[in-house]
file data29.txt (compact mmCIF, C-alpha atoms)
# COMPACT_ATOMS: atom_id res chain seq x y z
CA MET J 17 -4.31 -11.17 19.25
CA GLU J 18 -6.31 -11.64 22.43
CA PHE J 19 -7.27 -8.70 24.56
CA LEU J 20 -5.00 -9.62 27.48
CA THR J 21 -2.02 -9.59 25.14
CA ASP J 22 -3.09 -6.21 23.77
CA VAL J 23 -3.16 -4.81 27.31
CA LYS J 24 0.17 -6.40 28.23
CA LEU J 25 1.88 -4.96 25.17
CA ALA J 26 0.27 -1.56 25.71
CA ILE J 27 1.68 -1.47 29.24
CA TYR J 28 5.14 -2.68 28.34
CA ASN J 29 5.49 -0.64 25.17
CA THR J 30 4.36 2.50 27.01
CA LEU J 31 6.91 1.84 29.75
CA ALA J 32 9.68 1.18 27.24
CA GLU J 33 8.89 4.26 25.16
CA THR J 34 7.97 6.81 27.83
CA THR J 35 9.53 5.31 31.04
CA HIS J 36 6.15 5.84 32.73
CA ALA J 37 3.64 3.16 33.72
CA PRO J 38 0.20 3.81 32.23
CA THR J 39 -2.97 3.73 34.31
CA VAL J 40 -6.02 1.62 33.53
CA GLN J 41 -7.67 4.71 32.05
CA GLU J 42 -4.67 5.49 29.85
CA VAL J 43 -4.49 1.93 28.51
CA ALA J 44 -8.26 1.94 27.87
CA ALA J 45 -7.90 5.17 25.89
CA GLN J 46 -4.94 3.84 23.95
CA LEU J 47 -6.79 0.64 22.98
CA ASN J 48 -10.19 2.30 22.63
CA ALA J 49 -11.42 -0.27 25.14
CA ASN J 50 -13.79 -0.40 28.09
CA VAL J 51 -12.18 0.71 31.36
CA ASP J 52 -13.68 -2.20 33.31
CA ASP J 53 -12.29 -4.69 30.78
CA VAL J 54 -8.83 -3.16 31.09
CA GLN J 55 -9.10 -3.23 34.89
CA GLN J 56 -9.90 -6.95 34.69
CA ALA J 57 -6.89 -7.43 32.39
CA PHE J 58 -4.65 -5.69 34.96
CA HIS J 59 -5.98 -8.17 37.54
CA ASP J 60 -5.33 -11.13 35.22
CA LEU J 61 -1.80 -9.91 34.42
CA HIS J 62 -1.14 -9.70 38.15
CA LYS J 63 -2.18 -13.32 38.51
CA LYS J 64 0.29 -14.16 35.74
CA ARG J 65 2.95 -12.24 37.69
CA LEU J 66 3.48 -9.75 34.87
CA LEU J 67 2.19 -6.76 36.79
CA VAL J 68 1.86 -5.60 40.40
CA PRO J 69 -0.83 -3.00 41.11
CA GLU J 70 -0.19 -0.07 43.38
CA PRO J 71 -1.34 -1.08 46.88
CA GLY J 72 -4.69 0.58 47.51
CA ASP J 73 -5.14 1.69 43.89
CA PRO J 74 -5.57 -1.14 41.37
CA THR J 75 -5.83 1.37 38.51
CA ARG J 76 -2.11 2.16 38.86
CA ILE J 77 0.97 -0.01 38.35
CA ARG J 78 3.63 -0.38 41.06
CA MET J 79 5.72 -2.61 38.84
CA ALA J 80 5.58 -4.40 35.54
CA PRO J 81 8.82 -6.34 35.91
CA PRO J 82 11.51 -5.40 35.11
CA PHE J 83 10.12 -1.85 35.17
CA SER J 84 9.08 0.01 38.30
CA GLY J 85 6.12 2.35 38.07
CA VAL J 86 7.56 4.50 40.84
CA PRO J 87 11.03 5.93 41.53
CA SER J 88 13.35 3.52 43.31
CA SER J 89 16.98 3.18 44.37
CA PHE J 90 17.76 1.42 41.07
CA LYS J 91 17.97 4.08 38.37
CA VAL J 92 18.65 2.70 34.90
CA ILE J 93 19.94 5.00 32.17
CA VAL J 94 19.49 3.75 28.61
CA GLY J 95 20.38 6.27 25.93
CA THR J 96 18.55 9.47 26.79
CA LYS J 97 15.94 7.72 28.93
CA THR J 98 15.91 7.09 32.69
CA TYR J 99 13.97 4.13 34.01
CA TYR J 100 13.52 2.78 37.52
CA ALA J 101 13.67 -0.88 38.51
CA PRO J 102 12.25 -2.55 41.61
CA CYS J 103 15.47 -4.46 42.41
CA ALA J 104 18.98 -5.40 41.31
CA TRP J 105 17.78 -8.26 39.09
CA ASP J 106 15.27 -6.08 37.31
CA SER J 107 17.71 -3.20 36.93
CA ILE J 108 19.87 -5.09 34.45
CA GLY J 109 16.67 -6.81 33.32
CA ILE J 110 15.64 -3.51 31.75
CA CYS J 111 18.71 -3.66 29.49
CA ALA J 112 17.84 -7.29 28.70
CA ALA J 113 14.22 -6.41 27.89
CA LEU J 114 15.15 -3.44 25.71
CA HIS J 115 18.13 -5.24 24.14
CA GLN J 116 20.18 -2.13 24.74
CA ASP J 117 23.25 -1.22 26.73
CA GLY J 118 22.84 1.01 29.75
CA MET J 119 23.99 1.97 33.21
CA VAL J 120 22.46 1.13 36.57
CA ARG J 121 23.00 3.78 39.21
CA THR J 122 22.42 2.47 42.72
CA HIS J 123 24.24 2.05 46.02
CA ASP J 124 25.51 -0.61 48.37
CA ALA J 125 22.45 -1.47 50.46
CA HIS J 126 24.49 -1.46 53.68
CA THR J 127 27.11 1.27 53.29
CA ARG J 128 25.08 3.44 50.86
CA GLU J 129 28.26 3.82 48.80
CA PRO J 130 27.25 4.72 45.22
CA MET J 131 27.63 1.84 42.77
CA ASN J 132 27.29 1.73 39.02
CA VAL J 133 26.77 -1.36 36.90
CA VAL J 134 27.43 -0.87 33.20
CA VAL J 135 25.96 -3.11 30.52
CA ARG J 136 27.99 -2.75 27.35
CA ASP J 137 27.97 -4.84 24.18
CA GLY J 138 25.20 -6.93 25.67
CA MET J 139 27.04 -7.91 28.85
CA PRO J 140 27.56 -6.37 32.29
CA LYS J 141 31.09 -5.10 32.73
CA PRO J 142 32.96 -6.81 35.57
CA THR J 143 32.04 -4.96 38.76
CA PRO J 144 32.99 -5.89 42.32
CA CYS J 145 29.62 -6.74 43.84
CA VAL J 146 27.38 -9.51 45.12
CA VAL J 147 23.62 -9.88 45.06
CA HIS J 148 21.70 -11.05 48.11
CA PHE J 149 18.10 -12.22 48.31
CA ALA J 150 16.49 -11.88 51.73
CA VAL J 151 13.63 -14.18 50.71
CA PRO J 152 13.87 -17.74 49.29
CA ALA J 153 12.54 -18.35 45.77
CA ALA J 154 9.44 -20.20 46.96
CA HIS J 155 8.27 -17.06 48.74
CA TRP J 156 9.26 -14.25 46.36
CA TRP J 157 5.65 -13.53 45.44
CA ASP J 158 4.28 -13.71 48.98
CA ASP J 159 5.20 -10.01 49.14
CA ILE J 160 6.93 -9.15 45.88
CA ILE J 161 7.30 -5.48 46.78
CA TYR J 162 9.42 -6.47 49.80
CA THR J 163 11.28 -9.15 47.84
CA MET I 10 16.94 -8.36 46.22
CA LEU I 11 19.74 -5.96 46.84
CA LEU I 12 23.21 -5.15 45.57
CA PHE I 13 26.27 -4.97 47.81
CA ARG I 14 29.90 -4.16 47.20
CA SER I 15 31.13 -7.22 49.15
CA GLU I 16 30.07 -10.27 51.14
CA GLU I 17 31.17 -8.43 54.28
CA SER I 18 28.65 -5.73 53.49
CA VAL I 19 25.90 -8.35 53.12
CA GLU I 20 26.82 -9.91 56.45
CA LYS I 21 26.65 -6.56 58.24
CA TRP I 22 23.31 -5.70 56.59
CA CYS I 23 21.82 -9.04 57.66
CA ALA I 24 23.23 -8.80 61.19
CA GLU I 25 21.62 -5.40 61.71
CA ARG I 26 18.25 -6.90 60.82
CA ASN I 27 18.65 -10.33 62.46
CA LEU I 28 18.25 -11.92 59.03
CA PRO I 29 20.05 -15.04 57.82
CA VAL I 30 22.84 -14.63 55.29
CA ASN I 31 21.45 -16.45 52.28
CA PRO I 32 23.31 -17.78 49.23
CA MET I 33 24.74 -14.89 47.23
CA ILE I 34 25.06 -14.66 43.48
CA THR I 35 27.45 -12.94 41.12
CA LEU I 36 26.71 -10.25 38.57
CA ASP I 37 27.22 -12.78 35.77
CA GLN I 38 24.62 -15.09 37.31
CA LEU I 39 22.25 -12.16 37.75
CA TRP I 40 22.67 -11.28 34.07
CA GLU I 41 21.78 -14.85 33.08
CA MET I 42 18.65 -14.58 35.21
CA ALA I 43 17.78 -11.20 33.68
CA GLN I 44 18.16 -12.61 30.18
CA ALA I 45 16.04 -15.67 30.98
CA TRP I 46 13.24 -13.63 32.51
CA TYR I 47 13.18 -10.53 30.41
CA SER I 48 14.79 -10.87 26.97
CA ASN I 49 11.37 -11.42 25.36
CA ARG I 50 9.32 -9.37 27.81
CA LEU I 51 8.26 -6.83 25.16
CA THR I 52 6.92 -9.50 22.82
CA GLU I 53 3.44 -11.01 22.34
CA GLU I 54 4.45 -14.39 23.70
CA SER I 55 6.23 -13.14 26.82
CA ARG I 56 5.37 -14.75 30.13
CA ARG I 57 7.01 -15.44 33.44
CA PRO I 58 8.78 -18.83 33.55
CA GLY I 59 6.88 -21.55 35.41
CA PRO I 60 8.28 -23.36 38.47
CA ASP I 61 9.83 -26.25 36.52
CA GLU I 62 11.42 -23.84 34.03
CA ILE I 63 12.80 -21.79 36.91
CA VAL I 64 14.46 -24.88 38.37
CA GLN I 65 16.03 -25.59 34.97
CA ILE I 66 17.23 -22.01 34.50
CA PHE I 67 18.72 -21.85 37.97
CA GLY I 68 20.32 -25.27 37.54
CA ARG I 69 22.06 -24.09 34.35
CA ILE I 70 23.74 -21.26 36.22
CA GLY I 71 24.67 -23.27 39.27
CA LEU I 72 21.87 -22.27 41.63
CA THR I 73 20.88 -25.68 42.96
CA ASP I 74 20.58 -24.92 46.67
CA PRO I 75 17.02 -25.49 47.98
CA PHE I 76 16.94 -21.72 48.55
CA TRP I 77 16.43 -21.33 44.79
CA ASP I 78 13.68 -23.95 44.46
CA PRO I 79 10.36 -22.20 43.77
CA LYS I 80 8.52 -25.37 44.82
CA ALA I 81 10.28 -25.75 48.15
CA PRO I 82 7.94 -25.99 51.16

call {"tool": "encode", "arguments": {"input": "data29.txt", "output": "structure tokens"}}
result
Amino acid sequence: MEFLTDVKLAIYNTLAETTHAPTVQEVAAQLNANVDDVQQAFHDLHKKRLLVPEPGDPTRIRMAPPFSGVPSSFKVIVGTKTYYAPCAWDSIGICAALHQDGMVRTHDAHTREPMNVVVRDGMPKPTPCVVHFAVPAAHWWDDIIYT
Amino acid sequence: MLLFRSEESVEKWCAERNLPVNPMITLDQLWEMAQAWYSNRLTEESRRPGPDEIVQIFGRIGLTDPFWDPKAP
């Protein structure tokens, strides 16, 4: 397996297992690898749109979609674990990635009314809601944190 | 992208920010997108779909408006 894949799996498996995004140093320690090589892999994974570094600190992860590396308004409860997602899409994406049922706790972006979306038996339960994208698809990655 | 209880809520949110009301999608469509993007994300071969694949995925779930075209100018 190539090194970039090792780093990708280390990041995603750590997120899935611990709910926390590992730093460059933590991945290097886990893989017994050179820190600079892992930093370059973070950069390459960003170019492949599999990772977004924390602005101002490329050693940390803001998001590794569908997981958020920081708390957000999309809390996803799967079993005994609580994850955060960057957006509505990624919130149920965590259930899709883990192949597990779960519950998204969020709120209506306008009214702030609490909203829950339940994924059960591999499908979201019918929930009165709509999803709105402020940015067209061609520009999602111009500023993915805003998107 | 954000979640709203109703289209009315979206319209009010956009109006407050002078943003256009863009095409909205349902939870079922969002789930299809989540499955397409993320169901193999924890595997060796995982990758983000490319632009042509994205057009195909969106087409399958009825998202054919130019808004959903990743290659649109």

call {"tool": "closest_residue", "arguments": {"input": "data29.txt", "among": "J:Pro74, J:Tyr99, J:Met119, J:Ala26", "to": "J:Gln56", "atoms": "all atoms listed in the file"}}
result
J:Pro74

call {"tool": "residues_around", "arguments": {"input": "data29.txt", "residues": "stretch 25-42 of chain I", "least_positions_apart": "2", "cutoff": "9 Å", "atoms": "only C-alpha atoms", "output": "PyMOL selection string"}}
result
(chain J and resi 104-105+108-109+112+139-152) or (chain I and resi 16+19-23+44-47+66-67+70-72+74+76-77)

call {"tool": "closest_residue", "arguments": {"input": "data29.txt", "among": "J:Pro87, J:Ile27, J:Met79, J:Ala49", "to": "chain I", "atoms": "all atoms listed in the file"}}
result
J:Ile27

call {"tool": "residues_around", "arguments": {"input": "data29.txt", "residues": "I:Gly59", "least_positions_apart": "6", "cutoff": "12 Å", "atoms": "all atoms listed in the file", "output": "JSON, numbers by chain"}}
result
{"J": [64, 65, 154], "I": [45, 46, 65, 66, 78, 79, 80]}

call {"tool": "closest_residue", "arguments": {"input": "data29.txt", "among": "I:Glu17, I:Ala81, I:Val64, I:Pro58", "to": "I:Ala43", "atoms": "only C-alpha atoms"}}
result
I:Pro58

call {"tool": "closest_residue", "arguments": {"input": "data29.txt", "among": "J:Thr75, J:Thr30, J:Asn50, J:Thr35", "to": "J:Thr98", "atoms": "all atoms listed in the file"}}
result
J:Thr35

call {"tool": "atom_distance", "arguments": {"input": "data29.txt", "atom1": "atom CA of J:Ala37", "atom2": "atom CA of I:Met10"}}
result
21.6 Å

call {"tool": "residues_around", "arguments": {"input": "data29.txt", "residues": "J:Leu25", "least_positions_apart": "3", "cutoff": "12 Å", "atoms": "only C-alpha atoms", "output": "MDAnalysis selection string"}}
result
(chainID J and resid 17:22 28:33 37:38 43 46:47 57:58 61 66:67 80) or (chainID I and resid 49:56)

call {"tool": "atom_distance", "arguments": {"input": "data29.txt", "atom1": "atom CA of J:Ile93", "atom2": "atom CA of J:Pro130"}}
result
15.0 Å

call {"tool": "atom_distance", "arguments": {"input": "data29.txt", "atom1": "atom CA of J:Gly118", "atom2": "atom CA of J:Ile77"}}
result
23.5 Å
